[in-house]
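Undergrad: Mind looking over this structure? Questions follow.
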Amino acid sequence: MVSKHSDRIEVDQVGYQEPSGLIPTISPDSLESITKGEKVEEVDPKFARRVKWKLDLFILPLLSSVYFFATMGKSDLSNAKIAGLTEELGLSAGDYSNAATIFLVATIIFQLPGTLLIKKIHPNRQFSGAMITWGFLTTMTVLAKNGGQLLAIRFLIGGAEAFVQGGIFYLSFWYEYSEYATRGAIVSSMSTIAGAFNGLIAYAIVKNLDGANGWRAWRWIFLIEGVVPIGFAFVVLLFLPSSPQAVTWGFNEEEKRHLIQRSARAHNTSEPTVQLKQIWKVLLDLHFWLFILVSCAGSFCQSSLSNFLPDLIEGFGYSDVNAQLFTAIVYVCGCVGILLFSRIADKTNARGIVLASSTVGAVIGYAVLIWVRHRDIRFAATCLVAFSVYPNTVLQMSWAAMSFVGYTRRGSVIAFFNIFPHLFAISGTQAYQDPPYYSIGNSAALGMSIMMFLSSILLRWYLGFLNNKKKANQFTEHAAVMREKSIEEIGDHHPDFFYTL
């Protein structure tokens with residue numbers, strides 16, 4: 001039977017059935033604990049589709065815009081680099097790498113509170129406040145006169161952007177597992193679209209504004225890309241809903257009940273309290289560290305690519321203006337990869353196989369960049385790398401959200417996914433210091449791509465091993481004791497929860 005406690009799960013002991021991807025820890029009856037006594041009935045498919053469509057309309061454009069502007073704020077440094085920044089501020093290759101690195105350091109420091117405080121602060125307030133902060137700081141970059149001032153500003157921008165990196169966690173409040181990767185892909189694809197947009201903006205600025213008002217093009221890049229998110233932050237503040245339980249407009253009462261039931265099926269509770277001991281318990285699970293290996297390797301490749309892409313393309317022999325324009329083509333390839341692999345993952349539910357398959361192109365692409373010198377072939381290899389590397393984040397993060405349940409446990413995992421990988425991202429920015437071919441950096445990225453592939457396969461095997469172990473212990477005394485505990489206490493260690501492979 002089901003307890004009336006809001007996050008408590010008591011599952012009647014039943015015979016084991018082979019899971020089809022994932023056996024929910026809560027049955028439809030247990031939704032009473034979330035909906036405060038409301039009896040769950042069969043839902044009309046047309047009604048369910050209409051609610052999901054409305055949810056997509058309310059959530060995805062706003063959250064995607066937040067990620068779009070955040071990525072612009074992160075990657076505008078690479079466009080400014082070849083638009084006069086390094087010359088005017090007298091930056092060496094090491095100085096530029098440090099400016100890219102300090103951004104990541106700040107993101108690491110503020111990542112955990114930036115993720116776990118989402119429900120306390122409320123997503124609309126937190127995301128809009130962060131946008132106003134980093135937008136203002138980005139505009140202030142135009143006043144930088146030396147490398148030290150640039151470092152300080154980039155650190156503060158990175159700290160502000162840490163408070164929107166929990167956007168994928170926010171999606172888990174609203175979407176069921178079969179929908180999660182596709183929606184996450186739509187949001188994450190903004191990183192590639194923003195990169196492409198950055199390249200187009202930089203191209204136009206270098207062509208038309210370089211020298212205007214006595215400013216080099218890089219100052220105009222920071223001014224324009226700082227003002228826009230400040231204005232859009234007020235749209236996010238007014239219209240982004242906080243959680244299914246707190247929806248105040250746009251949905252009628254029947255639709256609100258359905259939203260809460262959907263959220264419950266994804267193992268969400270209405271309790272936003274952070275259980276401090278649960279933050280560190282995830283560090284004791286081997287599958288957490290296997291996820292981290294995949295995430296760290298992907299972060300190394302993504303960060304180095306986004307921070308050095310214009311410079312890489314310029315090193316192929318293209319002019320600095322054309323290098324700005326050609327970055328857009330690479331980012332479009334990354335966007336296609338994100339949407340394609342995420343859709344396949346949701347349709348097949350073969351999370352591990354899809355994740356491993358997505359890395360194959362990166363291995364081939366980096367190998368070509370290391371050993372081939374022909375300009376056009378190297379550019380094609382860069383497009384293949386982007387197509388294969390950028391899907392990594394949404395694929396492994398959506399899979400992890402399915403594998404760790406409970407508000408604190410899931411939120412902590414997603415935060416750690418933005419902490420440990422950023423350490424590798426820092427090493428990625430430091431590895432690319434041997435222009436124009438960047439052989440050392442590309443060799444390191446090749447090694448990381450191979451690690452992504454092998455870790456994905458190993459992770460899938462290990463989760464299958466844990467499922468078999470739970471199957472064998474379904475009727476033990478230990479399993480009976482574990483069923484008495486709440487989802488916040490044991491999360492995915494519940495004996496009736498099975499991992500998606």
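We label chains A, B, ... in the order they appear in the structure tokens, count residues from 1 in each chain, and number ligands from 1 in the order shown.
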For Val228 (chain A), please output as a PyMOL selection string all residues within 8 Å (counting only C-alpha atoms; exclusion window: fewer than 4 positions along the same chain).
TA: chain A and resi 135+224+232
Undergrad: Please, which residues of region 371-488 of chain A, numbered as in this document, come out helix (DSSP H, G or I) from DSSP, as number ranges by chain?
TA: A: 371, 375-389, 391-403, 407-417, 420-431, 439-472, 477-482, 487-488
Undergrad: Between A:Ser128, A:Ser304, A:Thr393, A:Ser188, which is the closest to Asn442 (chain A) once you count only C-alpha atoms?
TA: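 Selected residue with least distance to Asn442 (chain A): A:Ser304.
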Undergrad: Pull the closest atom pair for each residue of region 369-451 of chain A that gets at most 9 Å from region 276-280 of chain A, along with the distance in Å to one decimal, counting only C-alpha atoms, ordering rows by chain and then ascending residue number, as a tab-separated table.
TA:
```
residue	atom	partner	partner_atom	distance
A:Thr408	CA	A:Gln278	CA	6.3
A:Arg409	CA	A:Gln278	CA	5.8
A:Gly411	CA	A:Ile279	CA	8.5
A:Ser412	CA	A:Ile279	CA	5.5
A:Val413	CA	A:Ile279	CA	8.0
```
Undergrad: If you count only C-alpha atoms, which residues fall within 9 Å of Ser449 (chain A), apart from same-chain ones fewer than 2 positions away, as a ChimeraX atom specification?
TA: /A:294,297-298,301,359-360,362-363,366,389,444-447,451-454
Undergrad: Which residues are close to Ala266 (chain A), i.e. within 8 Å by only C-alpha atoms, leaving aside same-chain residues fewer than 6 positions away? Reply as a list in words.
TA: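 Near neighbours after the sequence-gap exclusion: Pro24, Ser172, Phe173, Tyr175, Glu176, Tyr177 and Met402 of chain A.
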Undergrad: Nearest to Leu151 (chain A) among A:Ser455, A:Thr101, A:Ser398, A:Gln275, with distances taken over only C-alpha atoms: which residue is it?
TA: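 The answer is A:Thr101, which sits nearest to Leu151 (chain A).
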